[in-house]
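Colleague: Below you will find the structure I want to go over with you.
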Amino acid sequence: MRFLIPLIYSSSTSGHYRITSRLLSAYLTKPQRSTLHPSFNCQPPSMAASEESLRKALAEKQSAVEAHGNAVRALKAAKASKSEIDAAIEALNILKLEKSSIEKQLQAAVSGSDGDGALSREAFRQAAVNTLERRLFYIPSFKIYRGVAGLYDYGPPGCAVKSNVLAFWRQHFVLEENMLEVDCPCVTPEVVLKASGHVDKFTDLMVKDEKTGTCYRADHLLKDFCNEKLQKDLTIGAQKAAELKHVLATLDDLSAEALGAKIKEYGITAPDTKNPLSDPYPFNLMFQTSIGPSGLSPGYMRPETAQGIFVNFKDLYYYNGNKLPFAAAQIGQAFRNEISPRQGLLRVREFTLAEIEHFVDPEDKSHPKYSEVVDLEFLMFPREEQMSGQSAKKIRLGDAVSKGTVNNETLGYFIGRVYLFLTRLGIDKDRLRFRQHLANEMAHYAADCWDAEIECSYGWIECVGIADRSAYDLRAHSDKSGVPLVAAEKFSEPREVEKLVIAPVKKELGLAFKGSQKNVVEALEAMNEKEALEMKAALESKGEVEFYVCTLGKNVPIKKNMVSISKEKKKEHQRVFTPSVIEPSFGIGRIIYCLFEHSFYTRPSKAGDEQLNVFRFPPLVAPIKCTVFPLVQNQQYEDVAKVISKSLTTAGISHKIDITGTSIGKRYARTDELGVPFAITVDSTKDVTIRERDSKLQVRVSVEEAALVVKSVTDGLRTWEDVWEKYPHHTSGSADD
C-alpha cells in the first residue's frame, strides 16, 4: 500500500518542507485511485478485505496523516504562501477522510456489521433475545425475586422447541442406531464421582478480587480482554492483533501459571472495581449434597449423565446379548456451579445433556455404517492449523480419517452423524465447524477429541463434544468397585497368546510419591507395549528411568523395584478386555440458543414503516407447525376453522386458531415471530389458502386436503416447492394483506 500523496513534499536546503506545486495541483485535480480494497464500498465484512489488511492499511494511513500534519506545521513555521498552506491542508483533509473510511471498514469487520446500517453482533443479539423473552421462549428463573444468575425457565414455545429437538435427537441417534436408552438419578454418591475423577479434577481456574473477594473465571477475563481489544481498539497493529487471536485460539491450552502470567502481562483487573486479582486457582464445579438425614453419605448433583451409563455397563452388556459394539444413551439434567454464569442459555448452572456412550473393541474401531458419512465435507479445524494460526477449512471426512487427523472410523462416523443432526435442525453449515482438542485439553487417556462449535453473536461456542475416551472410565469404576466391567471375545479354538504384564509395586510407589502414587500407577498401567518394553530395557541396564506423568505434568524417576514388566505365554479360550468408549455429548440448551440466532431475522412490514421479527425454524423444530385464521369474524368461517383444527389434531400437528378481529397481516406477523411455518386462512367454506412463512407465498387447497398438505410437509414427505407446483396459486392481493 502507498501513501495517497507521494512526493508532494520535498526537503529544502534550509531544512523546511516545501510543496512541489505541480505535483500537488495534479494530485488535487486528477481522479484518485482508492487505496482501499476494491471490494470495500458498501460490502459486508465477509466480502471485504481481511481484518489483517485493514489494520495494516490503517497503520500506514495514520503514519501518512502524522507525516503530512508535520509538513503542514513546517510550512506554517516557514511562513509559506497561503496557497501552498491551503493546498497542503486540503491534501491532509483528504488523507484524514480516507483514514476515517478505513476505520469504519475495520469497525464493521470486527463488530460483525456491514458498515451500512446493518445490525452489529450486539444489536442483533439484543433484538433476538428481546423477542425470545417477550414471546416467552425463555426467561430468567425466579424473576419476581430478581432471578438467580445461570438459571432460566423455558416458556411454552421454548418447551415446544426443546421437545422437538430432543424428539429428533432420539429419532436420529437412539432409533436409527439401535441404542439402549437409560434414565439415571441426578443425585450421585461421592464414591462414583471419586472413581471418575470429578471430585479431584472437575475444576475451572478462578481468580478473586483481592479487596472485595468477588470471584471471576480466569480464562473468561482473558478472553474478554482479547475480544474487546480486537473489536474496539482500532489502533492495535496487525502483529498485536495476531498475538491476541493466537491467545484466543489456544486459551484452553493455558496452564494456571501461563494464564496468570497473561493476566499480569495485559494488566487485567477486576471488571467491577479495577482492583488487582489473585493468581488463578482451581474451583470444583459440582454442587455438593448429602444423601439421607444423617449427613453421613455425601453426594453430588451429577455434572454429566455419562457416569450412570458406565456403572450400568455390565447389565447393559448382558442385555445386549454379551455383544459389542453397542451404544447406550441418556437425556437428563446436569448441574455445574459455574463461577460466573453469563451469555444466557450458553453458560448456566442447570442444563439438559444428551449423551451417548458407544462401547467398542479397542482393537477394532471400524464402523459398519462409516461409508454412509465418508463423503461428507464440512469445516474442520485440526490442532496443527490452530497452533499455526490458520483458519478452519472444508475437509472431506473420509480424507480426515484416512490421513489419521481423525483417530478412527467410529469417531469419524459420529462426527459425521453429529454434522447431519445439527444441519437438519437448522444450524447454518457455514457457521458450524469441528475443532480438534489441543494436546493440553485432552486427558492423558484420550485417543482423540473433537468439538462441534457453532458460531453465534458470542463467537464460536462448543455445543457437542465427540471424544474417544479409550477404556479409562470402565477401568476406573472396575478398580474402585471391585466389579470387572469387561467384555469377552470367544475363540473357536484355544489360542496361545503372549501377554504384556505391567505390575506397579504400589508399596514402593507410595513411599516414593505419596499423594501422587495413584497418578503414577495409572500412567504406568496406560503404557503401550513399545513404551513398556523400552522402560524394561532401560531399567535392566540403568536401574532407573525418567518417566513423564501427564496428570502431574512432569517427569518422575522410576526405579527397578517400583514396577515389574514381563511377557507371558498362555493358552486362552477367550480374550477378555475392557472396551473403549466413543462419547458424543450434546449441550441441548447451547444448541437451541444457536438455533434461535441462526433462525432469527427481520424484514420490513408491508407499509415499510417498521421491521418485523421472524424465526425461520424448519418445520421439524418449529414450536407450532400451523395456525388457522378465519379471514373475518364469520360464523361459517369459524366452523370451517374448527373442522380443520380437528383434522390437524387427528394428524398430530401442533396448531393454534386465531379468531380475533385483528387484521390478517398483523396475525401473520404474530405467528412469524413465533416461527410458525404455515398459516391456513379460511375465506370460504370449500377451499382455503395455505401461506408459507419465509416466502409469504400462498396456494389454494380444499378444506378436506388442508391438514394433509401441512402434515406431509412438516413430516418431510414433500417440500413447499412440491406443494407450490401442485396446487393453484393464491394471487388475489398481497400475501400479507
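Simple scheme: letters A, B, ... for chains in C-alpha cells order, numbers from 1 for residues in each chain, numbers from 1 for ligands in the order shown.
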Please identify all polymer residues within 10 Å of Val483 in chain A, counting only C-alpha atoms, omitting same-chain residues fewer than 3 positions from it, and present them as an NGL selection string.
Modeller: :A and (311 or 314 or 474-475 or 477-480 or 486)
Colleague: If you run DSSP on the backbone, which residues of range 217-391 of chain A are strand (DSSP E or B), as a ChimeraX atom specification?
Modeller: /A:217,277,281-284,288-290,298-301,326-335,350-360,377-381
Colleague: I'd like the contact shell of Lys507 in chain A - 12 Å cut-off, only C-alpha atoms, skipping same-chain residues fewer than 4 positions apart - returned as a PyMOL selection string.
Modeller: chain A and resi 503+511-514+517-518+521+561-563
Colleague: Save the residues we just selected, C-alpha atoms, as a compact mmCIF listing (two decimals), in the first residue's frame?
Modeller:
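Output file result-v6.txt follows:
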# COMPACT_ATOMS: atom_id res chain seq x y z
CA ALA A 503 2.58 -54.65 37.59
CA LEU A 511 6.79 -44.45 49.67
CA ALA A 512 8.35 -42.54 46.79
CA PHE A 513 5.45 -40.41 45.58
CA LYS A 514 2.97 -40.37 48.49
CA GLN A 517 1.04 -42.51 43.80
CA LYS A 518 -2.30 -43.01 42.01
CA VAL A 521 0.26 -46.05 38.82
CA ASN A 561 11.87 -52.07 42.33
CA MET A 562 8.83 -49.91 41.54
CA VAL A 563 7.41 -51.84 38.58
Colleague: Point out the residue among A:Ser294, A:Gly158, A:Lys567, A:His729 with the least atom-to-atom distance to Val497 in chain A, counting only C-alpha atoms.
Modeller: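 Distance minimum relative to Val497 in chain A lands on A:Lys567.
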Colleague: I'd like the contact shell of Pro618 in chain A - 10 Å cut-off, only C-alpha atoms, skipping same-chain residues fewer than 4 positions apart - returned as a PyMOL selection string.
Modeller: chain A and resi 424-427+599+622-623+625+675-677+714
Colleague: If you count only C-alpha atoms, which residues fall within 10 Å of Leu648 in chain A, apart from same-chain ones fewer than 5 positions away, as a list in words?
Modeller: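 What passes the distance filter is Lys625, Cys626, Val628, Lys642, Val643, Ile653, Ser654, His655, Lys656, Ala706, Ala707, Leu708, Val710 and Lys711 of chain A.
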Colleague: Of the candidates A:Ala651, A:Ile591, A:Val576, A:Ala476, which one gets nearest to Glu489 in chain A if we count only C-alpha atoms?
Modeller: A:Val576
Colleague: I want to know what sits within 9 Å of range 538-553 of chain A, based on only C-alpha atoms, with residues of the same chain fewer than 5 positions away left out; could you give that as a list in words?
Modeller: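 Near range 538-553 of chain A, the qualifying residues are Ala443, His444, Ser516, Asn519, Val520, Glu522, Ala523, Leu524, Leu533, Ile558, Lys559, Lys560 and Asn561 of chain A.
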Colleague: Take the selection from the previous step and output its residues with C-alpha atoms, as a tab-separated table (two decimals), in the first residue's frame.
Modeller:
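Dumped to again.tsv:
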chain	number	residue	atom	x	y	z
A	443	ALA	CA	-6.87	-36.15	29.20
A	444	HIS	CA	-3.83	-38.44	29.12
A	516	SER	CA	0.82	-38.70	43.70
A	519	ASN	CA	-1.28	-40.72	39.11
A	520	VAL	CA	1.98	-42.63	38.62
A	522	GLU	CA	-2.36	-45.01	36.23
A	523	ALA	CA	0.32	-43.68	33.88
A	524	LEU	CA	2.40	-46.87	34.18
A	533	LEU	CA	9.42	-52.75	26.75
A	558	ILE	CA	11.07	-44.81	38.25
A	559	LYS	CA	13.38	-47.38	39.84
A	560	LYS	CA	13.64	-51.08	39.10
A	561	ASN	CA	11.87	-52.07	42.33
Colleague: Using only C-alpha atoms, find the one residue out of A:Arg73, A:His367, A:Lys194, A:His246 that sits nearest to Gln307 in chain A.
Modeller: A:Lys194
Colleague: Between A:Leu500, A:Ile356, A:Ala64, A:Val556, single out the one closest to Glu531 in chain A, counting only C-alpha atoms.
Modeller: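 Distance minimum relative to Glu531 in chain A lands on A:Leu500.
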Colleague: Determine which residues of range 316-393 of chain A DSSP labels as helix (DSSP H, G or I) from the backbone of this structure, then write them out as a VMD selection string.
Modeller: chain A and resid 316 to 319 344 to 346 370 to 372 383 to 387
